[in-house]
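Next comes start.cif, with mmCIF, N, CA, C and O atoms.
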data_upload
loop_
_atom_site.label_atom_id
_atom_site.label_comp_id
_atom_site.auth_asym_id
_atom_site.auth_seq_id
_atom_site.Cartn_x
_atom_site.Cartn_y
_atom_site.Cartn_z
N THR A 1 3.17 -17.21 27.59
CA THR A 1 2.43 -18.38 28.01
C THR A 1 3.28 -19.19 28.98
O THR A 1 4.46 -19.43 28.73
N ARG A 2 2.67 -19.60 30.08
CA ARG A 2 3.35 -20.45 31.06
C ARG A 2 2.70 -21.82 31.04
O ARG A 2 1.53 -21.96 30.73
N ARG A 3 3.48 -22.81 31.40
CA ARG A 3 2.95 -24.18 31.46
C ARG A 3 2.85 -24.61 32.91
O ARG A 3 3.61 -24.17 33.75
N GLY A 4 1.89 -25.46 33.17
CA GLY A 4 1.69 -26.00 34.50
C GLY A 4 1.03 -27.36 34.38
O GLY A 4 0.88 -27.91 33.28
N THR A 5 0.61 -27.88 35.50
CA THR A 5 -0.09 -29.16 35.54
C THR A 5 -1.35 -29.00 36.36
O THR A 5 -1.30 -28.48 37.48
N LEU A 6 -2.47 -29.44 35.80
CA LEU A 6 -3.74 -29.49 36.52
C LEU A 6 -3.90 -30.90 37.06
O LEU A 6 -3.78 -31.87 36.30
N THR A 7 -4.13 -31.03 38.36
CA THR A 7 -4.32 -32.33 38.99
C THR A 7 -5.73 -32.41 39.56
O THR A 7 -6.16 -31.51 40.28
N VAL A 8 -6.42 -33.49 39.23
CA VAL A 8 -7.77 -33.74 39.75
C VAL A 8 -7.68 -35.01 40.61
O VAL A 8 -7.51 -36.10 40.08
N PRO A 9 -7.78 -34.85 41.94
CA PRO A 9 -7.68 -36.00 42.82
C PRO A 9 -9.05 -36.64 43.08
O PRO A 9 -10.07 -35.96 43.05
N ALA A 10 -9.05 -37.92 43.34
CA ALA A 10 -10.26 -38.63 43.76
C ALA A 10 -9.89 -39.54 44.92
O ALA A 10 -8.96 -40.34 44.81
N LYS A 11 -10.59 -39.39 46.02
CA LYS A 11 -10.43 -40.29 47.16
C LYS A 11 -11.70 -41.14 47.20
O LYS A 11 -12.78 -40.64 47.46
N ILE A 12 -11.54 -42.40 46.91
CA ILE A 12 -12.67 -43.30 46.70
C ILE A 12 -12.93 -44.08 48.00
O ILE A 12 -12.00 -44.65 48.59
N ALA A 13 -14.17 -44.09 48.41
CA ALA A 13 -14.56 -44.77 49.67
C ALA A 13 -14.23 -46.26 49.60
O ALA A 13 -14.26 -46.87 48.52
N PRO A 14 -13.92 -46.86 50.74
CA PRO A 14 -13.66 -48.31 50.77
C PRO A 14 -14.81 -49.09 50.15
O PRO A 14 -15.98 -48.72 50.28
N ASP A 15 -14.47 -50.15 49.44
CA ASP A 15 -15.43 -51.04 48.77
C ASP A 15 -16.14 -50.38 47.58
O ASP A 15 -17.13 -50.91 47.09
N TRP A 16 -15.65 -49.24 47.13
CA TRP A 16 -16.18 -48.57 45.94
C TRP A 16 -15.05 -48.44 44.93
O TRP A 16 -13.88 -48.63 45.24
N HIS A 17 -15.40 -48.09 43.69
CA HIS A 17 -14.39 -47.86 42.65
C HIS A 17 -14.92 -46.83 41.66
O HIS A 17 -16.11 -46.50 41.66
N ILE A 18 -14.02 -46.33 40.84
CA ILE A 18 -14.34 -45.42 39.74
C ILE A 18 -13.82 -46.08 38.47
O ILE A 18 -12.68 -46.56 38.45
N SER A 19 -14.63 -46.07 37.42
CA SER A 19 -14.16 -46.62 36.15
C SER A 19 -13.08 -45.71 35.57
O SER A 19 -13.06 -44.50 35.81
N SER A 20 -12.19 -46.28 34.77
CA SER A 20 -11.11 -45.50 34.17
C SER A 20 -11.64 -44.56 33.10
O SER A 20 -12.77 -44.69 32.63
N LEU A 21 -10.79 -43.62 32.70
CA LEU A 21 -11.13 -42.71 31.60
C LEU A 21 -11.06 -43.44 30.26
O LEU A 21 -11.59 -42.98 29.27
N THR A 22 -10.40 -44.59 30.26
CA THR A 22 -10.18 -45.35 29.01
C THR A 22 -10.99 -46.64 28.97
O THR A 22 -10.69 -47.52 28.17
N GLN A 23 -12.00 -46.76 29.83
CA GLN A 23 -12.82 -47.97 29.87
C GLN A 23 -13.35 -48.28 28.47
O GLN A 23 -13.96 -47.43 27.84
N PRO A 24 -13.10 -49.50 27.96
CA PRO A 24 -13.57 -49.86 26.62
C PRO A 24 -15.10 -49.87 26.54
O PRO A 24 -15.79 -50.17 27.52
N ALA A 25 -15.61 -49.57 25.36
CA ALA A 25 -17.04 -49.64 25.10
C ALA A 25 -17.52 -51.06 25.35
O ALA A 25 -16.78 -52.02 25.17
N GLY A 26 -18.75 -51.18 25.80
CA GLY A 26 -19.31 -52.49 26.09
C GLY A 26 -19.17 -52.87 27.55
O GLY A 26 -19.66 -53.91 27.96
N GLY A 27 -18.50 -52.04 28.32
CA GLY A 27 -18.33 -52.28 29.75
C GLY A 27 -19.08 -51.21 30.53
O GLY A 27 -19.97 -50.55 29.99
N PRO A 28 -18.72 -51.03 31.79
CA PRO A 28 -19.36 -49.96 32.57
C PRO A 28 -19.02 -48.60 31.94
O PRO A 28 -18.06 -48.49 31.17
N GLY A 29 -19.80 -47.60 32.26
CA GLY A 29 -19.53 -46.27 31.70
C GLY A 29 -18.18 -45.74 32.14
O GLY A 29 -17.83 -45.86 33.31
N LYS A 30 -17.42 -45.20 31.20
CA LYS A 30 -16.11 -44.66 31.57
C LYS A 30 -16.29 -43.33 32.29
O LYS A 30 -17.27 -42.62 32.09
N SER A 31 -15.35 -43.02 33.15
CA SER A 31 -15.35 -41.75 33.85
C SER A 31 -14.99 -40.64 32.88
O SER A 31 -14.29 -40.87 31.88
N GLU A 32 -15.47 -39.44 33.16
CA GLU A 32 -15.15 -38.27 32.34
C GLU A 32 -14.73 -37.14 33.27
O GLU A 32 -15.28 -37.00 34.36
N ILE A 33 -13.77 -36.36 32.83
CA ILE A 33 -13.39 -35.14 33.53
C ILE A 33 -13.63 -34.01 32.54
O ILE A 33 -13.03 -33.97 31.46
N LYS A 34 -14.52 -33.09 32.90
CA LYS A 34 -14.84 -31.96 32.03
C LYS A 34 -14.27 -30.69 32.62
O LYS A 34 -14.44 -30.43 33.81
N VAL A 35 -13.58 -29.92 31.80
CA VAL A 35 -12.98 -28.66 32.22
C VAL A 35 -13.59 -27.56 31.35
O VAL A 35 -13.60 -27.66 30.12
N THR A 36 -14.12 -26.52 32.00
CA THR A 36 -14.73 -25.40 31.28
C THR A 36 -13.68 -24.65 30.49
O THR A 36 -12.59 -24.36 31.00
N LYS A 37 -14.00 -24.32 29.23
CA LYS A 37 -13.07 -23.54 28.41
C LYS A 37 -12.95 -22.14 29.01
O LYS A 37 -13.88 -21.63 29.61
N SER A 38 -11.78 -21.53 28.82
CA SER A 38 -11.50 -20.25 29.45
C SER A 38 -10.54 -19.43 28.59
O SER A 38 -9.68 -20.01 27.92
N PRO A 39 -10.65 -18.11 28.63
CA PRO A 39 -9.66 -17.26 27.96
C PRO A 39 -8.35 -17.16 28.76
O PRO A 39 -7.40 -16.54 28.31
N SER A 40 -8.31 -17.79 29.95
CA SER A 40 -7.14 -17.70 30.82
C SER A 40 -6.18 -18.87 30.68
O SER A 40 -5.01 -18.76 31.00
N TYR A 41 -6.68 -20.02 30.21
CA TYR A 41 -5.85 -21.22 30.14
C TYR A 41 -6.41 -22.16 29.08
O TYR A 41 -7.54 -22.01 28.61
N ALA A 42 -5.60 -23.17 28.73
CA ALA A 42 -6.04 -24.22 27.81
C ALA A 42 -5.36 -25.52 28.23
O ALA A 42 -4.21 -25.51 28.70
N LEU A 43 -6.08 -26.62 28.08
CA LEU A 43 -5.47 -27.94 28.30
C LEU A 43 -4.46 -28.18 27.19
O LEU A 43 -4.71 -27.84 26.04
N ALA A 44 -3.33 -28.78 27.52
CA ALA A 44 -2.27 -29.01 26.54
C ALA A 44 -1.98 -30.51 26.42
O ALA A 44 -0.85 -30.92 26.21
N GLY A 45 -3.01 -31.31 26.58
CA GLY A 45 -2.85 -32.76 26.50
C GLY A 45 -4.13 -33.42 26.98
O GLY A 45 -5.18 -32.80 27.02
N ILE A 46 -4.00 -34.68 27.38
CA ILE A 46 -5.14 -35.42 27.91
C ILE A 46 -4.83 -35.86 29.34
O ILE A 46 -3.66 -36.01 29.71
N PHE A 47 -5.87 -36.05 30.12
CA PHE A 47 -5.69 -36.49 31.50
C PHE A 47 -5.08 -37.89 31.54
O PHE A 47 -5.48 -38.78 30.79
N GLN A 48 -4.11 -38.07 32.45
CA GLN A 48 -3.46 -39.34 32.67
C GLN A 48 -3.49 -39.64 34.16
O GLN A 48 -3.21 -38.75 34.98
N PRO A 49 -3.80 -40.88 34.56
CA PRO A 49 -3.80 -41.21 35.99
C PRO A 49 -2.38 -41.42 36.50
O PRO A 49 -1.47 -41.76 35.75
N ASP A 50 -2.20 -41.22 37.82
CA ASP A 50 -0.88 -41.44 38.41
C ASP A 50 -0.60 -42.93 38.65
O ASP A 50 0.51 -43.29 39.02
N ARG A 51 -1.60 -43.76 38.43
CA ARG A 51 -1.39 -45.21 38.49
C ARG A 51 -2.41 -45.89 37.58
O ARG A 51 -3.50 -45.37 37.36
N ALA A 52 -2.03 -47.01 37.05
CA ALA A 52 -2.91 -47.74 36.13
C ALA A 52 -4.12 -48.30 36.87
O ALA A 52 -4.02 -48.62 38.07
N PRO A 53 -5.24 -48.42 36.19
CA PRO A 53 -6.41 -49.03 36.83
C PRO A 53 -6.22 -50.53 37.01
O PRO A 53 -5.40 -51.16 36.34
N HIS A 54 -7.00 -51.10 37.92
CA HIS A 54 -7.05 -52.56 38.06
C HIS A 54 -7.90 -53.09 36.91
O HIS A 54 -8.95 -52.52 36.59
N ILE A 55 -7.45 -54.14 36.30
CA ILE A 55 -8.20 -54.76 35.20
C ILE A 55 -8.93 -55.97 35.75
O ILE A 55 -8.31 -56.88 36.31
N LYS A 56 -10.25 -55.95 35.62
CA LYS A 56 -11.08 -57.07 36.10
C LYS A 56 -11.62 -57.82 34.89
O LYS A 56 -12.13 -57.20 33.94
N PRO A 57 -11.53 -59.14 34.87
CA PRO A 57 -12.03 -59.91 33.73
C PRO A 57 -13.55 -59.77 33.61
O PRO A 57 -14.23 -59.43 34.58
N PRO A 58 -14.07 -60.05 32.42
CA PRO A 58 -15.51 -59.92 32.20
C PRO A 58 -16.32 -60.79 33.16
O PRO A 58 -15.98 -61.94 33.40
N THR A 59 -17.35 -60.20 33.72
CA THR A 59 -18.34 -60.94 34.53
C THR A 59 -19.72 -60.51 34.04
O THR A 59 -20.36 -61.22 33.30
N VAL A 60 -20.12 -59.32 34.42
CA VAL A 60 -21.42 -58.78 33.99
C VAL A 60 -21.33 -58.28 32.54
O VAL A 60 -22.26 -58.45 31.76
N PHE A 61 -20.20 -57.65 32.19
CA PHE A 61 -20.00 -57.08 30.86
C PHE A 61 -19.19 -58.02 29.99
O PHE A 61 -18.55 -58.94 30.49
N LYS A 62 -19.18 -57.77 28.68
CA LYS A 62 -18.46 -58.64 27.74
C LYS A 62 -16.99 -58.26 27.60
O LYS A 62 -16.25 -58.93 26.89
N VAL A 63 -16.58 -57.16 28.22
CA VAL A 63 -15.19 -56.71 28.14
C VAL A 63 -14.63 -56.56 29.55
O VAL A 63 -15.39 -56.53 30.53
N ASN A 64 -13.31 -56.45 29.66
CA ASN A 64 -12.69 -56.19 30.96
C ASN A 64 -13.21 -54.88 31.54
O ASN A 64 -13.53 -53.95 30.80
N SER A 65 -13.25 -54.81 32.86
CA SER A 65 -13.56 -53.56 33.55
C SER A 65 -12.25 -52.95 34.04
O SER A 65 -11.41 -53.66 34.59
N GLU A 66 -12.07 -51.66 33.82
CA GLU A 66 -10.89 -50.93 34.29
C GLU A 66 -11.32 -50.06 35.46
O GLU A 66 -12.13 -49.15 35.29
N GLU A 67 -10.81 -50.36 36.66
CA GLU A 67 -11.29 -49.71 37.88
C GLU A 67 -10.15 -49.09 38.69
O GLU A 67 -9.08 -49.66 38.80
N HIS A 68 -10.43 -47.92 39.26
CA HIS A 68 -9.55 -47.29 40.23
C HIS A 68 -10.22 -47.39 41.59
O HIS A 68 -11.44 -47.24 41.70
N ASP A 69 -9.42 -47.65 42.63
CA ASP A 69 -9.93 -47.60 43.99
C ASP A 69 -8.91 -46.88 44.86
O ASP A 69 -7.84 -46.50 44.38
N GLY A 70 -9.27 -46.64 46.10
CA GLY A 70 -8.35 -45.93 46.99
C GLY A 70 -8.26 -44.47 46.60
O GLY A 70 -9.25 -43.75 46.64
N THR A 71 -7.08 -44.04 46.21
CA THR A 71 -6.86 -42.66 45.78
C THR A 71 -6.20 -42.68 44.42
O THR A 71 -5.28 -43.46 44.18
N VAL A 72 -6.67 -41.83 43.53
CA VAL A 72 -6.06 -41.68 42.21
C VAL A 72 -6.03 -40.19 41.87
O VAL A 72 -6.92 -39.44 42.25
N ASN A 73 -4.98 -39.77 41.19
CA ASN A 73 -4.84 -38.39 40.72
C ASN A 73 -4.73 -38.42 39.20
O ASN A 73 -3.88 -39.15 38.66
N TRP A 74 -5.57 -37.64 38.54
CA TRP A 74 -5.45 -37.48 37.10
C TRP A 74 -4.78 -36.15 36.83
O TRP A 74 -5.12 -35.13 37.44
N MET A 75 -3.81 -36.14 35.93
CA MET A 75 -3.05 -34.93 35.63
C MET A 75 -3.07 -34.65 34.14
O MET A 75 -3.11 -35.58 33.33
N VAL A 76 -3.03 -33.34 33.82
CA VAL A 76 -2.97 -32.90 32.44
C VAL A 76 -2.13 -31.62 32.39
O VAL A 76 -2.25 -30.78 33.28
N PRO A 77 -1.26 -31.49 31.38
CA PRO A 77 -0.54 -30.22 31.25
C PRO A 77 -1.49 -29.12 30.80
O PRO A 77 -2.44 -29.38 30.07
N ILE A 78 -1.25 -27.91 31.30
CA ILE A 78 -2.05 -26.77 30.88
C ILE A 78 -1.13 -25.62 30.47
O ILE A 78 0.03 -25.57 30.88
N GLU A 79 -1.66 -24.74 29.65
CA GLU A 79 -0.99 -23.49 29.30
C GLU A 79 -1.77 -22.36 29.94
O GLU A 79 -2.99 -22.27 29.78
N ILE A 80 -1.08 -21.51 30.68
CA ILE A 80 -1.68 -20.34 31.30
C ILE A 80 -1.26 -19.14 30.46
O ILE A 80 -0.07 -18.92 30.24
N PHE A 81 -2.23 -18.40 29.98
CA PHE A 81 -1.96 -17.33 29.02
C PHE A 81 -1.36 -16.09 29.68
O PHE A 81 -1.51 -15.87 30.89
N GLU A 82 -0.68 -15.28 28.85
CA GLU A 82 -0.03 -14.05 29.31
C GLU A 82 -1.01 -13.18 30.08
O GLU A 82 -2.19 -13.07 29.71
N GLY A 83 -0.51 -12.56 31.14
CA GLY A 83 -1.31 -11.62 31.92
C GLY A 83 -2.19 -12.29 32.97
O GLY A 83 -2.87 -11.60 33.72
N VAL A 84 -2.19 -13.62 33.03
CA VAL A 84 -3.01 -14.34 34.01
C VAL A 84 -2.14 -14.69 35.21
O VAL A 84 -1.06 -15.26 35.06
N ASP A 85 -2.62 -14.33 36.40
CA ASP A 85 -1.91 -14.65 37.64
C ASP A 85 -2.26 -16.08 38.06
O ASP A 85 -3.41 -16.35 38.41
N PRO A 86 -1.30 -17.01 38.01
CA PRO A 86 -1.60 -18.40 38.38
C PRO A 86 -2.14 -18.54 39.80
O PRO A 86 -2.91 -19.45 40.08
N GLU A 87 -1.76 -17.62 40.70
CA GLU A 87 -2.20 -17.68 42.09
C GLU A 87 -3.71 -17.44 42.22
O GLU A 87 -4.34 -17.90 43.17
N SER A 88 -4.30 -16.69 41.29
CA SER A 88 -5.72 -16.38 41.38
C SER A 88 -6.55 -17.12 40.32
O SER A 88 -7.75 -16.90 40.21
N LEU A 89 -5.92 -18.03 39.59
CA LEU A 89 -6.59 -18.76 38.53
C LEU A 89 -7.59 -19.76 39.12
O LEU A 89 -7.26 -20.52 40.03
N ILE A 90 -8.81 -19.73 38.62
CA ILE A 90 -9.84 -20.69 39.02
C ILE A 90 -10.18 -21.53 37.81
O ILE A 90 -10.49 -20.99 36.75
N ILE A 91 -10.10 -22.84 37.96
CA ILE A 91 -10.41 -23.77 36.87
C ILE A 91 -11.64 -24.57 37.28
O ILE A 91 -11.65 -25.17 38.34
N GLU A 92 -12.66 -24.50 36.44
CA GLU A 92 -13.89 -25.22 36.73
C GLU A 92 -14.01 -26.44 35.85
O GLU A 92 -13.63 -26.43 34.72
#

Mind converting the file's structure to structure tokens?
Amino acid sequence: TRRGTLTVPAKIAPDWHISSLTQPAGGPGKSEIKVTKSPSYALAGIFQPDRAPHIKPPTVFKVNSEEHDGTVNWMVPIEIFEGVDPESLIIE
């Protein structure tokens, strides 16, 4: 088994944002990253952003909003199973 890192980048258009993966309930819908299960690899943790979201105080919602803007990369460690060529690995 080999270990690696899966990175999911998001380039967010100006004046737009994406809610965090950890957005508290009662606020805007939190973002989700779904990875198809595979016999070739497994996630070995949870996705973490390369920078913290901006915290906006409650306005429309009763809780703070956690927002990413600009560019953000979410990363998670993965395990690549024996016999799998990382160069040809496709992760959906």

Residue by residue, what does the PyMOL selection byres (((chain A and resi 70-87 and name CA) around 7) and name CA) grab here? Present the result as a PDB file with N, CA, C and O atoms, keeping the file's coordinate frame.
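Final output, part-v6.pdb:
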ATOM      1  N   THR A   1       3.170 -17.210  27.590  1.00  0.00           N
ATOM      2  CA  THR A   1       2.430 -18.380  28.010  1.00  0.00           C
ATOM      3  C   THR A   1       3.280 -19.190  28.980  1.00  0.00           C
ATOM      4  O   THR A   1       4.460 -19.430  28.730  1.00  0.00           O
ATOM      5  N   ARG A   2       2.670 -19.600  30.080  1.00  0.00           N
ATOM      6  CA  ARG A   2       3.350 -20.450  31.060  1.00  0.00           C
ATOM      7  C   ARG A   2       2.700 -21.820  31.040  1.00  0.00           C
ATOM      8  O   ARG A   2       1.530 -21.960  30.730  1.00  0.00           O
ATOM      9  N   ARG A   3       3.480 -22.810  31.400  1.00  0.00           N
ATOM     10  CA  ARG A   3       2.950 -24.180  31.460  1.00  0.00           C
ATOM     11  C   ARG A   3       2.850 -24.610  32.910  1.00  0.00           C
ATOM     12  O   ARG A   3       3.610 -24.170  33.750  1.00  0.00           O
ATOM     13  N   GLY A   4       1.890 -25.460  33.170  1.00  0.00           N
ATOM     14  CA  GLY A   4       1.690 -26.000  34.500  1.00  0.00           C
ATOM     15  C   GLY A   4       1.030 -27.360  34.380  1.00  0.00           C
ATOM     16  O   GLY A   4       0.880 -27.910  33.280  1.00  0.00           O
ATOM     17  N   THR A   5       0.610 -27.880  35.500  1.00  0.00           N
ATOM     18  CA  THR A   5      -0.090 -29.160  35.540  1.00  0.00           C
ATOM     19  C   THR A   5      -1.350 -29.000  36.360  1.00  0.00           C
ATOM     20  O   THR A   5      -1.300 -28.480  37.480  1.00  0.00           O
ATOM     21  N   LEU A   6      -2.470 -29.440  35.800  1.00  0.00           N
ATOM     22  CA  LEU A   6      -3.740 -29.490  36.520  1.00  0.00           C
ATOM     23  C   LEU A   6      -3.900 -30.900  37.060  1.00  0.00           C
ATOM     24  O   LEU A   6      -3.780 -31.870  36.300  1.00  0.00           O
ATOM     25  N   THR A   7      -4.130 -31.030  38.360  1.00  0.00           N
ATOM     26  CA  THR A   7      -4.320 -32.330  38.990  1.00  0.00           C
ATOM     27  C   THR A   7      -5.730 -32.410  39.560  1.00  0.00           C
ATOM     28  O   THR A   7      -6.160 -31.510  40.280  1.00  0.00           O
ATOM     29  N   VAL A   8      -6.420 -33.490  39.230  1.00  0.00           N
ATOM     30  CA  VAL A   8      -7.770 -33.740  39.750  1.00  0.00           C
ATOM     31  C   VAL A   8      -7.680 -35.010  40.610  1.00  0.00           C
ATOM     32  O   VAL A   8      -7.510 -36.100  40.080  1.00  0.00           O
ATOM     33  N   PRO A   9      -7.780 -34.850  41.940  1.00  0.00           N
ATOM     34  CA  PRO A   9      -7.680 -36.000  42.820  1.00  0.00           C
ATOM     35  C   PRO A   9      -9.050 -36.640  43.080  1.00  0.00           C
ATOM     36  O   PRO A   9     -10.070 -35.960  43.050  1.00  0.00           O
ATOM     37  N   ALA A  10      -9.050 -37.920  43.340  1.00  0.00           N
ATOM     38  CA  ALA A  10     -10.260 -38.630  43.760  1.00  0.00           C
ATOM     39  C   ALA A  10      -9.890 -39.540  44.920  1.00  0.00           C
ATOM     40  O   ALA A  10      -8.960 -40.340  44.810  1.00  0.00           O
ATOM     41  N   LYS A  11     -10.590 -39.390  46.020  1.00  0.00           N
ATOM     42  CA  LYS A  11     -10.430 -40.290  47.160  1.00  0.00           C
ATOM     43  C   LYS A  11     -11.700 -41.140  47.200  1.00  0.00           C
ATOM     44  O   LYS A  11     -12.780 -40.640  47.460  1.00  0.00           O
ATOM     45  N   ILE A  12     -11.540 -42.400  46.910  1.00  0.00           N
ATOM     46  CA  ILE A  12     -12.670 -43.300  46.700  1.00  0.00           C
ATOM     47  C   ILE A  12     -12.930 -44.080  48.000  1.00  0.00           C
ATOM     48  O   ILE A  12     -12.000 -44.650  48.590  1.00  0.00           O
ATOM     49  N   ALA A  13     -14.170 -44.090  48.410  1.00  0.00           N
ATOM     50  CA  ALA A  13     -14.560 -44.770  49.670  1.00  0.00           C
ATOM     51  C   ALA A  13     -14.230 -46.260  49.600  1.00  0.00           C
ATOM     52  O   ALA A  13     -14.260 -46.870  48.520  1.00  0.00           O
ATOM     53  N   PRO A  14     -13.920 -46.860  50.740  1.00  0.00           N
ATOM     54  CA  PRO A  14     -13.660 -48.310  50.770  1.00  0.00           C
ATOM     55  C   PRO A  14     -14.810 -49.090  50.150  1.00  0.00           C
ATOM     56  O   PRO A  14     -15.980 -48.720  50.280  1.00  0.00           O
ATOM     57  N   SER A  40      -8.310 -17.790  29.950  1.00  0.00           N
ATOM     58  CA  SER A  40      -7.140 -17.700  30.820  1.00  0.00           C
ATOM     59  C   SER A  40      -6.180 -18.870  30.680  1.00  0.00           C
ATOM     60  O   SER A  40      -5.010 -18.760  31.000  1.00  0.00           O
ATOM     61  N   TYR A  41      -6.680 -20.020  30.210  1.00  0.00           N
ATOM     62  CA  TYR A  41      -5.850 -21.220  30.140  1.00  0.00           C
ATOM     63  C   TYR A  41      -6.410 -22.160  29.080  1.00  0.00           C
ATOM     64  O   TYR A  41      -7.540 -22.010  28.610  1.00  0.00           O
ATOM     65  N   ALA A  42      -5.600 -23.170  28.730  1.00  0.00           N
ATOM     66  CA  ALA A  42      -6.040 -24.220  27.810  1.00  0.00           C
ATOM     67  C   ALA A  42      -5.360 -25.520  28.230  1.00  0.00           C
ATOM     68  O   ALA A  42      -4.210 -25.510  28.700  1.00  0.00           O
ATOM     69  N   LEU A  43      -6.080 -26.620  28.080  1.00  0.00           N
ATOM     70  CA  LEU A  43      -5.470 -27.940  28.300  1.00  0.00           C
ATOM     71  C   LEU A  43      -4.460 -28.180  27.190  1.00  0.00           C
ATOM     72  O   LEU A  43      -4.710 -27.840  26.040  1.00  0.00           O
ATOM     73  N   ALA A  44      -3.330 -28.780  27.520  1.00  0.00           N
ATOM     74  CA  ALA A  44      -2.270 -29.010  26.540  1.00  0.00           C
ATOM     75  C   ALA A  44      -1.980 -30.510  26.420  1.00  0.00           C
ATOM     76  O   ALA A  44      -0.850 -30.920  26.210  1.00  0.00           O
ATOM     77  N   GLY A  45      -3.010 -31.310  26.580  1.00  0.00           N
ATOM     78  CA  GLY A  45      -2.850 -32.760  26.500  1.00  0.00           C
ATOM     79  C   GLY A  45      -4.130 -33.420  26.980  1.00  0.00           C
ATOM     80  O   GLY A  45      -5.180 -32.800  27.020  1.00  0.00           O
ATOM     81  N   ILE A  46      -4.000 -34.680  27.380  1.00  0.00           N
ATOM     82  CA  ILE A  46      -5.140 -35.420  27.910  1.00  0.00           C
ATOM     83  C   ILE A  46      -4.830 -35.860  29.340  1.00  0.00           C
ATOM     84  O   ILE A  46      -3.660 -36.010  29.710  1.00  0.00           O
ATOM     85  N   PHE A  47      -5.870 -36.050  30.120  1.00  0.00           N
ATOM     86  CA  PHE A  47      -5.690 -36.490  31.500  1.00  0.00           C
ATOM     87  C   PHE A  47      -5.080 -37.890  31.540  1.00  0.00           C
ATOM     88  O   PHE A  47      -5.480 -38.780  30.790  1.00  0.00           O
ATOM     89  N   GLN A  48      -4.110 -38.070  32.450  1.00  0.00           N
ATOM     90  CA  GLN A  48      -3.460 -39.340  32.670  1.00  0.00           C
ATOM     91  C   GLN A  48      -3.490 -39.640  34.160  1.00  0.00           C
ATOM     92  O   GLN A  48      -3.210 -38.750  34.980  1.00  0.00           O
ATOM     93  N   PRO A  49      -3.800 -40.880  34.560  1.00  0.00           N
ATOM     94  CA  PRO A  49      -3.800 -41.210  35.990  1.00  0.00           C
ATOM     95  C   PRO A  49      -2.380 -41.420  36.500  1.00  0.00           C
ATOM     96  O   PRO A  49      -1.470 -41.760  35.750  1.00  0.00           O
ATOM     97  N   ASP A  50      -2.200 -41.220  37.820  1.00  0.00           N
ATOM     98  CA  ASP A  50      -0.880 -41.440  38.410  1.00  0.00           C
ATOM     99  C   ASP A  50      -0.600 -42.930  38.650  1.00  0.00           C
ATOM    100  O   ASP A  50       0.510 -43.290  39.020  1.00  0.00           O
ATOM    101  N   ARG A  51      -1.600 -43.760  38.430  1.00  0.00           N
ATOM    102  CA  ARG A  51      -1.390 -45.210  38.490  1.00  0.00           C
ATOM    103  C   ARG A  51      -2.410 -45.890  37.580  1.00  0.00           C
ATOM    104  O   ARG A  51      -3.500 -45.370  37.360  1.00  0.00           O
ATOM    105  N   HIS A  68     -10.430 -47.920  39.260  1.00  0.00           N
ATOM    106  CA  HIS A  68      -9.550 -47.290  40.230  1.00  0.00           C
ATOM    107  C   HIS A  68     -10.220 -47.390  41.590  1.00  0.00           C
ATOM    108  O   HIS A  68     -11.440 -47.240  41.700  1.00  0.00           O
ATOM    109  N   ASP A  69      -9.420 -47.650  42.630  1.00  0.00           N
ATOM    110  CA  ASP A  69      -9.930 -47.600  43.990  1.00  0.00           C
ATOM    111  C   ASP A  69      -8.910 -46.880  44.860  1.00  0.00           C
ATOM    112  O   ASP A  69      -7.840 -46.500  44.380  1.00  0.00           O
ATOM    113  N   SER A  88      -4.300 -16.690  41.290  1.00  0.00           N
ATOM    114  CA  SER A  88      -5.720 -16.380  41.380  1.00  0.00           C
ATOM    115  C   SER A  88      -6.550 -17.120  40.320  1.00  0.00           C
ATOM    116  O   SER A  88      -7.750 -16.900  40.210  1.00  0.00           O
ATOM    117  N   LEU A  89      -5.920 -18.030  39.590  1.00  0.00           N
ATOM    118  CA  LEU A  89      -6.590 -18.760  38.530  1.00  0.00           C
ATOM    119  C   LEU A  89      -7.590 -19.760  39.120  1.00  0.00           C
ATOM    120  O   LEU A  89      -7.260 -20.520  40.030  1.00  0.00           O
TER     121      LEU A  89
END

**Request:** Work out how far apart atom O of Glu67 in chain A and atom C of Lys37 in chain A are and give it in Å to one decimal.
**Result:**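 A separation of 29.5 Å between them.
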
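Picked out by the PyMOL selection byres (((chain A and resi 32 and name CA) around 12) and name CA) when it runs on this file: Val8, Ile18, Ser19, Ser20, Leu21, Thr22, Gln23, Gly29, Lys30, Ser31, Ile33, Lys34, Val35, Ile46, Phe47, Gln48 and Trp74 of chain A.
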
**Prompt:** Where in chain A does DSSP assign strand (DSSP E or B), given as an NGL selection string?
**Reply:** :A and (2-11 or 18-19 or 41-43 or 48-49 or 54-56 or 65-68 or 71-80)

**Request:** Report the residues retrieved by the PyMOL selection byres (((chain A and resi 54 and name CA) around 7) and name CA) from the displayed file, expressed as a PyMOL selection string.
**Result:** chain A and resi 52-53+55-56+66-68

Taking all atoms of range 1-15 of chain A that the file lists and extending 8 Å past them on each side, where is the centre of the axis-aligned box and how long are its edges? Answer in Å to one decimal, as AutoDock Vina command-line options.
--center_x -6.3 --center_y -34.1 --center_z 39.2 --size_x 37.6 --size_y 49.8 --size_z 39.2

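Considering the residues A:Ser65, A:Val60, A:Asp15, A:Glu92 and counting only C-alpha atoms, Thr36 in chain A has its shortest atom-to-atom contact with A:Glu92.
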
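Put simply, atom C of Pro58 in chain A is 13.7 Å away from atom N of Ala25 in chain A.
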
**Complete:** What separates atom N of Trp16 in chain A and atom C of Lys62 in chain A is a distance of 21.6 Å
